[in-house]
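The block underneath contains the structure these notes are about, expressed in structure tokens.
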Amino acid sequence: MSKPSKTILRALAGETLPTPPIWMMRQAGRYLPEYRSTRAQAGDFLSLCYNSDLAAEVTLQPIRRYGFDAAILFADILLLPQALGADLWFVTGEGPRLSTIETQADFEKLGPIEAIHETLSPVYETVRILSRELPKETTLIGFAGAPWTVATYMIAGRGTPDQGPAHALMRENPKVFDAVMHRLTEATILYLGAQIEAGAEVVKIFDSWAGSLKGAAFERYAVHPAKRIISALKAKYPHIPIIAFPREAGDGYIGFARATGADCVALDNSVTAAWAAQHVQVDGCVQGNLASSHMVTGGDALVHKTREIVQALSGGPHIFNLGHGITPDADPDNVQRMIDAVREPVPA
Ligand code: CP3
């Protein structure tokens with residue numbers, strides 16, 4: 001196969017580039033006035049996710065403003081449980097709410113995996129619009145939540161600081177817990193496959209709560225599902241690179257790419273770039289990991305820290321990103337400062 005020319009794809013193929021390509025988690029978001037205006041036009045967050053034209057529009061906004069090397073599809077990890085039959089709504093200023101799963105009967109209310117496409121077809125349409133409209137040098141990234149992270153919301157019916165309800169179900173009713181995990185794993189394979197068919201060039205699996213799985217549970221519920229999803233996708237779409245984000249995995253980052261078959265591991269802020277160069281980048285591309293707080297505070301610290309990360313990871317394949325999503329209180333000018341600090345040569 002011919003070598004990729006887009007910078008993100010080159011880094012994902014293992015190439016060490018003189019300047020790392022850049023994109024940012026939640027780059028289409030409330031810190032941007034143009035996002036807030038399109039979101040108001042859509043009515044609410046979920047209506048925006050399911051309106052293909054407006055979802056494509058907000059995906060393109062940060063590309064127009066900053067020229068990021070990748071665009072990430074605008075959607076949410078919680079659309080998949082909704083497509084499986086869970087109730088989902090967002091409470092302004094608080095976050096997501098869903099129906100809960102406590103019993104076998106709750107699990108049995110979920111629909112079959114093949115049924116997801118009916119609800120999710122507007123998302124695939126967003127991907128098709130984007131693959132036509134993005135600049136030719138920009139890579140389109142599709143995504144899904146990892147089964148564990150999505151399960152934590154489906155079980156508790158909301159975000160929880162310690163994922164307590166999901167851990168409790170794992171302990172007290174492992175049969176139902178495993179059934180939820182299995183349904184989500186297989187549905188995620190279908191969902192990401194459909195995004196690829198629609199034009200996604202890379203997919204990312206967000207395991208935001210991987211850090212609360214320890215020891216054997218981390219193996220069983222973070223590593224194993226990622227491996228299953230990645231091997232199923234690779235069997236069908238061998239040329240599509242996959243980024244895994246086992247957030248807060250700590251030592252679990254070591255060997256994660258090898259164990260799961262991921263082409264790239266996204267780093268959070270609990271690890272330093274120097275540590276990651278030594279322990280994670282040895283297995284291939286890494287992505288990350290500037291603290292999003294710098295997008296609020298700016299100043300010399302932002303430039304200094306950005307350069308430090310670029311320098312620490314310059315010996316191998318690297319995609320520059322934040323360690324987690326940018327927050328609504330971020331200053332859009334600080335995003336430009338970060339990009340300039342990555343792309344401009346360090347003054348002598
Ligand atoms: O990164 C991107 O720009 C792509 C779109 C995207 C969103 N959510 C849009 C969004 C992606 C990749 C996600 C992933 C997501 N969603 C995760 C995993 C990544 C992470 O942040 O850890 C999780 C856990 C969710 C679930 C979710 N969605 C929560 C908990 C919330 C509420 C918290 C908040 O920030 O308000 C959301 C809402 C959400 N998803 C927003 C956006 C832009 C804000 C909604 C708004 O406009 O009001």
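Labels for the structure tokens follow display order: chains A, B, ..., residues from 1 in each chain, ligands from 1.
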How close does each residue of chain A get to ligand 1, giving the shortest atom pair and distance in Å to one decimal for every residue with an atom at most 9 Å away, counting only C-alpha atoms and all ligand atoms, sorted by chain and residue number, as a Markdown table?
```
| residue | atom | partner | partner_atom_place_in_ligand_line | distance |
| --- | --- | --- | --- | --- |
| A:Met24 | CA | ligand 1 | 1 (O) | 7.0 |
| A:Met25 | CA | ligand 1 | 1 (O) | 4.1 |
| A:Arg26 | CA | ligand 1 | 3 (O) | 3.0 |
| A:Gln27 | CA | ligand 1 | 3 (O) | 4.5 |
| A:Ala28 | CA | ligand 1 | 3 (O) | 4.4 |
| A:Gly29 | CA | ligand 1 | 43 (C) | 4.4 |
| A:Arg30 | CA | ligand 1 | 47 (O) | 5.8 |
| A:Tyr35 | CA | ligand 1 | 47 (O) | 8.0 |
| A:Arg36 | CA | ligand 1 | 47 (O) | 7.4 |
| A:Arg39 | CA | ligand 1 | 47 (O) | 6.7 |
| A:Asp44 | CA | ligand 1 | 48 (O) | 7.4 |
| A:Phe45 | CA | ligand 1 | 47 (O) | 5.2 |
| A:Leu46 | CA | ligand 1 | 45 (C) | 8.4 |
| A:Leu48 | CA | ligand 1 | 47 (O) | 8.5 |
| A:Cys49 | CA | ligand 1 | 9 (C) | 8.3 |
| A:Val58 | CA | ligand 1 | 3 (O) | 8.8 |
| A:Thr59 | CA | ligand 1 | 3 (O) | 7.2 |
| A:Ala71 | CA | ligand 1 | 3 (O) | 8.2 |
| A:Ile72 | CA | ligand 1 | 4 (C) | 5.3 |
| A:Leu73 | CA | ligand 1 | 4 (C) | 5.6 |
| A:Phe74 | CA | ligand 1 | 5 (C) | 4.3 |
| A:Ala75 | CA | ligand 1 | 5 (C) | 5.0 |
| A:Asp76 | CA | ligand 1 | 8 (N) | 4.3 |
| A:Ile77 | CA | ligand 1 | 16 (N) | 4.8 |
| A:Leu78 | CA | ligand 1 | 26 (C) | 6.0 |
| A:Phe90 | CA | ligand 1 | 32 (C) | 7.6 |
| A:Val91 | CA | ligand 1 | 32 (C) | 8.7 |
| A:Thr92 | CA | ligand 1 | 48 (O) | 6.8 |
| A:Gly93 | CA | ligand 1 | 36 (O) | 6.8 |
| A:Glu94 | CA | ligand 1 | 32 (C) | 6.9 |
| A:Gly95 | CA | ligand 1 | 32 (C) | 4.0 |
| A:Pro96 | CA | ligand 1 | 32 (C) | 5.8 |
| A:Gly142 | CA | ligand 1 | 12 (C) | 8.3 |
| A:Phe143 | CA | ligand 1 | 12 (C) | 6.4 |
| A:Ala144 | CA | ligand 1 | 12 (C) | 7.3 |
| A:Gly145 | CA | ligand 1 | 18 (C) | 6.2 |
| A:Ala146 | CA | ligand 1 | 18 (C) | 8.8 |
| A:Thr149 | CA | ligand 1 | 24 (C) | 7.0 |
| A:Val150 | CA | ligand 1 | 24 (C) | 7.7 |
| A:Tyr153 | CA | ligand 1 | 26 (C) | 8.3 |
| A:Arg158 | CA | ligand 1 | 30 (C) | 8.0 |
| A:Gly159 | CA | ligand 1 | 30 (C) | 6.0 |
| A:Lys204 | CA | ligand 1 | 12 (C) | 8.4 |
| A:Ile205 | CA | ligand 1 | 18 (C) | 8.6 |
| A:Phe206 | CA | ligand 1 | 18 (C) | 5.2 |
| A:Asp207 | CA | ligand 1 | 18 (C) | 6.9 |
| A:Ser208 | CA | ligand 1 | 22 (O) | 4.4 |
| A:Trp209 | CA | ligand 1 | 22 (O) | 7.5 |
| A:Phe245 | CA | ligand 1 | 19 (C) | 8.8 |
| A:Arg247 | CA | ligand 1 | 22 (O) | 7.9 |
| A:His324 | CA | ligand 1 | 21 (O) | 6.4 |
| A:Gly325 | CA | ligand 1 | 21 (O) | 5.5 |
| A:Ile326 | CA | ligand 1 | 1 (O) | 8.5 |
| A:Thr327 | CA | ligand 1 | 35 (O) | 7.2 |
| A:Pro328 | CA | ligand 1 | 35 (O) | 7.8 |
```
Give me, as a VMD selection string, the residues of range 67-298 of chain A that a backbone DSSP run labels strand (DSSP E or B). chain A and resid 70 to 72 88 to 91 95 to 98 139 to 145 158 202 to 207 242 to 246 264 to 266 285 to 290
May I have the selected residues written with N, CA, C and O atoms, as a compact mmCIF listing (two decimals), in the first residue's frame?
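Here's the written file selection_5.txt:
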```
# COMPACT_ATOMS: atom_id res chain seq x y z
N ALA A 70 -6.26 17.30 12.44
CA ALA A 70 -7.35 16.33 12.42
C ALA A 70 -8.63 16.99 12.89
O ALA A 70 -8.62 17.92 13.70
N ALA A 71 -9.75 16.47 12.37
CA ALA A 71 -11.08 16.84 12.85
C ALA A 71 -11.65 15.61 13.52
O ALA A 71 -11.49 14.50 13.00
N ILE A 72 -12.28 15.79 14.69
CA ILE A 72 -12.97 14.66 15.30
C ILE A 72 -14.47 14.86 15.10
O ILE A 72 -15.00 15.95 15.35
N LEU A 88 -31.89 8.74 27.31
CA LEU A 88 -30.76 9.65 27.49
C LEU A 88 -31.24 11.08 27.40
O LEU A 88 -32.00 11.43 26.50
N TRP A 89 -30.82 11.91 28.33
CA TRP A 89 -31.05 13.34 28.23
C TRP A 89 -29.92 14.06 28.95
O TRP A 89 -29.16 13.44 29.70
N PHE A 90 -29.74 15.33 28.66
CA PHE A 90 -28.68 16.11 29.30
C PHE A 90 -29.30 17.20 30.14
O PHE A 90 -30.18 17.92 29.67
N VAL A 91 -28.86 17.32 31.38
CA VAL A 91 -29.33 18.39 32.26
C VAL A 91 -28.31 19.52 32.18
O VAL A 91 -27.13 19.31 32.51
N GLY A 95 -24.90 17.59 33.33
CA GLY A 95 -24.37 16.48 32.56
C GLY A 95 -25.43 15.48 32.17
O GLY A 95 -26.62 15.76 32.26
N PRO A 96 -24.97 14.30 31.72
CA PRO A 96 -25.92 13.33 31.16
C PRO A 96 -26.73 12.59 32.21
O PRO A 96 -26.28 12.37 33.34
N ARG A 97 -27.95 12.21 31.81
CA ARG A 97 -28.79 11.33 32.61
C ARG A 97 -29.28 10.20 31.71
O ARG A 97 -29.64 10.44 30.55
N LEU A 98 -29.31 8.98 32.23
CA LEU A 98 -29.80 7.83 31.48
C LEU A 98 -30.68 6.98 32.39
O LEU A 98 -30.59 7.08 33.62
N THR A 139 -7.20 15.01 8.64
CA THR A 139 -7.63 13.63 8.87
C THR A 139 -8.94 13.62 9.66
O THR A 139 -9.09 14.38 10.63
N LEU A 140 -9.86 12.76 9.27
CA LEU A 140 -11.15 12.66 9.97
C LEU A 140 -11.13 11.49 10.96
O LEU A 140 -10.93 10.33 10.57
N ILE A 141 -11.33 11.81 12.23
CA ILE A 141 -11.31 10.80 13.30
C ILE A 141 -12.74 10.51 13.77
O ILE A 141 -13.48 11.42 14.13
N GLY A 142 -13.12 9.25 13.73
CA GLY A 142 -14.38 8.80 14.32
C GLY A 142 -14.09 8.29 15.73
O GLY A 142 -12.94 8.16 16.12
N PHE A 143 -15.11 8.01 16.51
CA PHE A 143 -14.84 7.55 17.88
C PHE A 143 -16.03 6.83 18.48
O PHE A 143 -17.16 6.92 17.99
N ALA A 144 -15.73 6.15 19.58
CA ALA A 144 -16.77 5.57 20.44
C ALA A 144 -16.20 5.54 21.85
O ALA A 144 -14.98 5.64 22.04
N GLY A 145 -17.07 5.39 22.84
CA GLY A 145 -16.60 5.15 24.20
C GLY A 145 -16.17 3.70 24.31
O GLY A 145 -16.68 2.83 23.59
N ARG A 158 -25.86 8.15 35.21
CA ARG A 158 -25.24 9.47 35.24
C ARG A 158 -23.74 9.32 35.45
O ARG A 158 -23.27 8.22 35.70
N VAL A 202 -9.59 7.29 10.85
CA VAL A 202 -8.95 6.83 12.09
C VAL A 202 -10.11 6.68 13.06
O VAL A 202 -11.08 7.43 12.96
N VAL A 203 -10.03 5.74 14.01
CA VAL A 203 -11.03 5.76 15.08
C VAL A 203 -10.32 5.76 16.44
O VAL A 203 -9.22 5.24 16.58
N LYS A 204 -11.00 6.39 17.40
CA LYS A 204 -10.45 6.49 18.75
C LYS A 204 -11.45 5.90 19.74
O LYS A 204 -12.65 6.13 19.64
N ILE A 205 -10.93 5.15 20.69
CA ILE A 205 -11.76 4.52 21.72
C ILE A 205 -11.46 5.21 23.06
O ILE A 205 -10.34 5.14 23.57
N PHE A 206 -12.48 5.92 23.59
CA PHE A 206 -12.31 6.70 24.82
C PHE A 206 -12.66 5.85 26.05
O PHE A 206 -13.83 5.59 26.29
N ASP A 207 -11.65 5.48 26.84
CA ASP A 207 -11.94 4.81 28.11
C ASP A 207 -11.61 5.77 29.25
O ASP A 207 -10.63 5.61 29.97
N ILE A 242 -5.99 2.92 14.81
CA ILE A 242 -6.86 3.02 15.99
C ILE A 242 -6.07 3.61 17.17
O ILE A 242 -4.97 3.17 17.48
N ILE A 243 -6.68 4.64 17.79
CA ILE A 243 -6.10 5.28 18.97
C ILE A 243 -6.87 4.79 20.19
O ILE A 243 -8.11 4.81 20.18
N ALA A 244 -6.17 4.38 21.22
CA ALA A 244 -6.83 3.97 22.47
C ALA A 244 -6.50 4.99 23.55
O ALA A 244 -5.38 5.51 23.61
N PHE A 245 -7.48 5.28 24.41
CA PHE A 245 -7.28 6.26 25.49
C PHE A 245 -7.71 5.66 26.82
O PHE A 245 -8.83 5.89 27.28
N PRO A 246 -6.82 4.86 27.44
CA PRO A 246 -7.14 4.30 28.76
C PRO A 246 -6.77 5.31 29.84
O PRO A 246 -5.77 5.19 30.52
N CYS A 264 -1.86 3.64 18.49
CA CYS A 264 -1.45 4.83 19.24
C CYS A 264 -2.15 4.81 20.58
O CYS A 264 -3.32 4.39 20.67
N VAL A 265 -1.45 5.27 21.61
CA VAL A 265 -2.06 5.36 22.93
C VAL A 265 -2.09 6.85 23.31
O VAL A 265 -1.08 7.55 23.19
N ALA A 266 -3.26 7.32 23.72
CA ALA A 266 -3.41 8.72 24.13
C ALA A 266 -3.10 8.83 25.62
O ALA A 266 -3.60 8.05 26.43
N CYS A 285 3.31 5.07 18.30
CA CYS A 285 2.85 6.46 18.41
C CYS A 285 2.17 6.73 19.75
O CYS A 285 1.43 5.89 20.27
N VAL A 286 2.41 7.92 20.29
CA VAL A 286 1.66 8.38 21.46
C VAL A 286 1.02 9.73 21.14
O VAL A 286 1.48 10.46 20.26
N GLN A 287 -0.04 10.04 21.87
CA GLN A 287 -0.75 11.30 21.68
C GLN A 287 -0.87 12.01 23.02
O GLN A 287 -1.15 11.37 24.03
N GLY A 288 -0.66 13.32 23.04
CA GLY A 288 -0.87 14.04 24.28
C GLY A 288 0.17 15.12 24.47
O GLY A 288 0.88 15.46 23.53
N ASN A 289 0.26 15.55 25.67
CA ASN A 289 -0.60 15.44 26.83
C ASN A 289 -0.54 16.71 27.68
O ASN A 289 -0.39 16.66 28.88
N LEU A 290 -0.73 17.86 27.04
CA LEU A 290 -0.73 19.13 27.77
C LEU A 290 -1.98 19.22 28.65
O LEU A 290 -3.08 18.92 28.19
```
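Interatomic distance, CA of Phe68 in chain A against CA of Ser270 in chain A: 24.6 Å.
Nearest-residue note for Ala277 in chain A: choosing from A:Ala312, A:Ala210, A:Ala262, A:Ala13, the minimum distance belongs to A:Ala312, counting only C-alpha atoms.
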Spatial neighbours of range 172-177 of chain A, max dist 10 Å, only C-alpha atoms, sep filter under 2 positions, as a count of residues only: 20
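Take CA of Pro147 in chain A and CA of Asp162 in chain A: the distance between them is 16.4 Å.
Ranking A:Gly298, A:Ala235, A:Ala259, A:Asn269 by their shortest atom-to-atom distance to Asp283 in chain A, with only C-alpha atoms included, puts A:Ala259 first.
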Could you pull out the helix (DSSP H, G or I) residues of range 105-333 of chain A, going by DSSP on the backbone, and write them as a PyMOL selection string? chain A and resi 105-108+113-133+147-156+164-172+174-198+210-212+215-236+250-253+256-260+273-279+281-283+294-297+299-312+332-333
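Here CA of His279 in chain A and CA of Gly255 in chain A stand 8.1 Å from one another.
With only C-alpha atoms as the atoms that count, the residue of A:Ile22, A:Leu9, A:Ile254, A:Ala115 with the shortest distance to Phe320 in chain A is A:Ile22.
Proximity of A:Gly111, A:Pro332, A:Gly252, A:Pro62 to Glu219 in chain A, computed with only C-alpha atoms, is greatest for A:Gly252.
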